[in-house]
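Report on the structure given below.
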Amino acid sequence: MASDPSGLVLIFTAGVLALLSPCGYPMLPGYVSYYLGADVSVGKAVPSGVACTLGLISVFTAIGAAASFLGVLISSYLPFLELAAGIVVIFLGISILAGFRLPAFWAKITAPRRRGLIGIFLYGAAYGLATLGCSAPVFFSILFYAVAARGLIGGMVAFIVYAIGMGLPLVLTTILVAKAKELTLRKMLSAMPMLQRLSGVVLVLIGIYLIFFYYGSLSVVL
């Protein structure tokens, strides 16, 4: 299930849109500037962006492993796991399209002040947790996907792909900060509300994918 390319493409897209959330992304350029320093080149920005992405991956891999382990434990008790997860994910996608926002439980996390690659790696981990408050429906959708994957590796792969999706615009942002492309950053910020709605569409597609997978598995069994 988790190795299916269409599902992973949707998860990757969800990760991109999760990073570009209206309440999380506007803070990113300022923090990136702090960790990169005043004199920064593209050659320094790229490894810094990669280090930050690795911080994201470390956090979400651990979450994916926990969710997958839970899915393995309860899979025998919930024969309709994919169907239930698909319905919940569709509901979360519709909630985004309707403008409903879940409480931001982890919206404020103190970022580490250590500079250099280690500092920005730790910042990536902290930022990954902080974005949960801004993009809770997206995160919980991937969480339900990982639980429904019914395999330890499958859930971890889902969250790693999700983290890589978040990392792509993060690396792009570090490059734009290094090249002082304020106009491009402002255009990205102005597109945040539209991208947030687009994430709702992606979640609905993920939910439909889960339900489709459930009925496909059911037909094989029958």
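If you're wondering about the labels, chains in the structure tokens are A, B, ... by order shown, residues count from 1 in each chain, ligands from 1 in order shown.
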Applying 10 Å and only C-alpha atoms, which residues near stretch 80-89 of chain A remain after dropping the ones on its own chain fewer than 2 positions away? List them as a PyMOL selection string. chain A and resi 71+74-78+91-95+137-138+140-150+200+202-215+217-218
Residues as selected, N, CA and C atoms, written as a compact mmCIF listing (two decimals), in the first residue's frame, can you do that?
# COMPACT_ATOMS: atom_id res chain seq x y z
N GLY A 71 -0.67 0.67 14.15
CA GLY A 71 -1.47 0.04 13.11
C GLY A 71 -1.32 -1.47 13.10
N ILE A 74 -3.37 -2.94 16.10
CA ILE A 74 -4.84 -2.90 16.06
C ILE A 74 -5.41 -3.40 14.74
N SER A 75 -4.56 -3.79 13.79
CA SER A 75 -5.07 -4.17 12.47
C SER A 75 -6.02 -5.36 12.55
N SER A 76 -5.73 -6.31 13.43
CA SER A 76 -6.59 -7.49 13.51
C SER A 76 -7.94 -7.18 14.15
N TYR A 77 -8.00 -6.05 14.88
CA TYR A 77 -9.25 -5.68 15.55
C TYR A 77 -10.09 -4.73 14.70
N LEU A 78 -9.46 -4.13 13.69
CA LEU A 78 -10.17 -3.17 12.85
C LEU A 78 -10.08 -3.60 11.39
N PHE A 91 -13.03 13.89 5.63
CA PHE A 91 -13.64 14.88 6.53
C PHE A 91 -12.64 15.99 6.87
N LEU A 92 -11.37 15.63 7.13
CA LEU A 92 -10.36 16.63 7.44
C LEU A 92 -10.10 17.54 6.23
N GLY A 93 -10.10 16.96 5.03
CA GLY A 93 -9.91 17.76 3.83
C GLY A 93 -11.05 18.74 3.63
N ILE A 94 -12.27 18.28 3.86
CA ILE A 94 -13.43 19.17 3.73
C ILE A 94 -13.39 20.27 4.78
N SER A 95 -12.88 19.94 5.98
CA SER A 95 -12.78 20.96 7.03
C SER A 95 -11.85 22.09 6.63
N PRO A 137 -4.81 19.19 10.29
CA PRO A 137 -5.57 18.24 9.45
C PRO A 137 -4.68 17.45 8.49
N VAL A 138 -3.67 18.13 7.91
CA VAL A 138 -2.76 17.44 6.99
C VAL A 138 -1.97 16.38 7.75
N PHE A 140 -2.67 14.85 10.64
CA PHE A 140 -3.49 13.74 11.10
C PHE A 140 -3.91 12.85 9.94
N SER A 141 -4.04 13.42 8.75
CA SER A 141 -4.37 12.61 7.58
C SER A 141 -3.24 11.64 7.27
N ILE A 142 -2.00 12.12 7.32
CA ILE A 142 -0.86 11.24 7.07
C ILE A 142 -0.74 10.23 8.20
N LEU A 143 -1.08 10.65 9.43
CA LEU A 143 -1.05 9.74 10.57
C LEU A 143 -2.03 8.59 10.36
N PHE A 144 -3.25 8.91 9.94
CA PHE A 144 -4.24 7.86 9.67
C PHE A 144 -3.78 6.97 8.52
N TYR A 145 -3.15 7.57 7.52
CA TYR A 145 -2.61 6.79 6.41
C TYR A 145 -1.58 5.79 6.91
N ALA A 146 -0.67 6.26 7.80
CA ALA A 146 0.38 5.40 8.33
C ALA A 146 -0.21 4.27 9.16
N VAL A 147 -1.21 4.57 9.97
CA VAL A 147 -1.85 3.54 10.78
C VAL A 147 -2.52 2.49 9.89
N ALA A 148 -3.17 2.97 8.83
CA ALA A 148 -3.87 2.06 7.91
C ALA A 148 -2.91 1.26 7.04
N ALA A 149 -1.64 1.66 6.98
CA ALA A 149 -0.68 0.95 6.14
C ALA A 149 -0.44 -0.47 6.63
N ARG A 150 -0.69 -0.73 7.92
CA ARG A 150 -0.58 -2.07 8.50
C ARG A 150 0.80 -2.68 8.30
N GLY A 200 -6.53 21.01 1.20
CA GLY A 200 -7.80 20.34 1.47
C GLY A 200 -8.18 19.40 0.34
N VAL A 202 -6.10 17.94 -1.70
CA VAL A 202 -5.17 16.80 -1.65
C VAL A 202 -5.60 15.79 -0.59
N LEU A 203 -6.06 16.29 0.57
CA LEU A 203 -6.51 15.37 1.62
C LEU A 203 -7.73 14.58 1.17
N VAL A 204 -8.65 15.22 0.48
CA VAL A 204 -9.82 14.50 -0.03
C VAL A 204 -9.36 13.39 -0.98
N LEU A 205 -8.37 13.69 -1.82
CA LEU A 205 -7.85 12.68 -2.75
C LEU A 205 -7.19 11.53 -2.00
N ILE A 206 -6.44 11.86 -0.91
CA ILE A 206 -5.82 10.81 -0.10
C ILE A 206 -6.90 9.92 0.52
N GLY A 207 -7.98 10.54 1.01
CA GLY A 207 -9.08 9.77 1.59
C GLY A 207 -9.72 8.85 0.57
N ILE A 208 -9.94 9.37 -0.63
CA ILE A 208 -10.52 8.55 -1.70
C ILE A 208 -9.57 7.41 -2.05
N TYR A 209 -8.27 7.71 -2.04
CA TYR A 209 -7.27 6.67 -2.32
C TYR A 209 -7.35 5.55 -1.28
N LEU A 210 -7.47 5.91 0.00
CA LEU A 210 -7.56 4.90 1.05
C LEU A 210 -8.82 4.03 0.89
N ILE A 211 -9.93 4.69 0.58
CA ILE A 211 -11.18 3.94 0.39
C ILE A 211 -11.08 3.03 -0.84
N PHE A 212 -10.50 3.54 -1.91
CA PHE A 212 -10.32 2.74 -3.12
C PHE A 212 -9.43 1.54 -2.83
N PHE A 213 -8.36 1.76 -2.04
CA PHE A 213 -7.46 0.66 -1.69
C PHE A 213 -8.20 -0.38 -0.86
N TYR A 214 -9.07 0.09 0.04
CA TYR A 214 -9.83 -0.84 0.88
C TYR A 214 -10.72 -1.74 0.03
N TYR A 215 -11.46 -1.16 -0.89
CA TYR A 215 -12.35 -1.96 -1.72
C TYR A 215 -11.58 -2.84 -2.69
N SER A 217 -8.64 -4.23 -1.88
CA SER A 217 -8.19 -5.34 -1.06
C SER A 217 -9.35 -6.29 -0.76
N LEU A 218 -10.55 -5.72 -0.58
CA LEU A 218 -11.73 -6.53 -0.28
C LEU A 218 -12.07 -7.44 -1.45
Surrounding residues of A:Thr53 excluding itself and chain neighbours under 2 positions, 12 Å, only C-alpha atoms, as a PyMOL selection string: chain A and resi 15-16+19+46-51+55-61+117-118+120-128+160-174
As an exercise, work out the distance from atom CA of A:Met156 to atom CA of A:Phe12 in Å and give it to one decimal place. 13.3 Å
For a test of reading the model, state the distance in Å between atom CA of A:Gly64 and atom CA of A:Ile11, rounded to one decimal. 12.7 Å
Which residue gives the smallest distance to A:Val9 among A:Val72, A:Ile96, A:Val157, A:Ala66, with only C-alpha atoms counted? A:Val157
A:Leu97, A:Leu8, A:Ala45, A:Ala18: which is nearest A:Ser33, counting only C-alpha atoms? A:Ala45
For A:Thr131, the nearest of the candidates A:Ala62, A:Leu28, A:Val177, A:Leu10, counting only C-alpha atoms: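 Looking at the shortest contact to A:Thr131, the residue is A:Leu28.
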As an exercise, work out the distance from atom CA of A:Pro193 to atom CA of A:Leu17 in Å and give it to one decimal place.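 About the pair atom CA of A:Pro193 and atom CA of A:Leu17: they are 10.6 Å apart.
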Please identify all polymer residues within 7 Å of A:Leu152, counting only C-alpha atoms, omitting same-chain residues fewer than 5 positions from it, and present them as a ChimeraX atom specification. /A:65,68-69
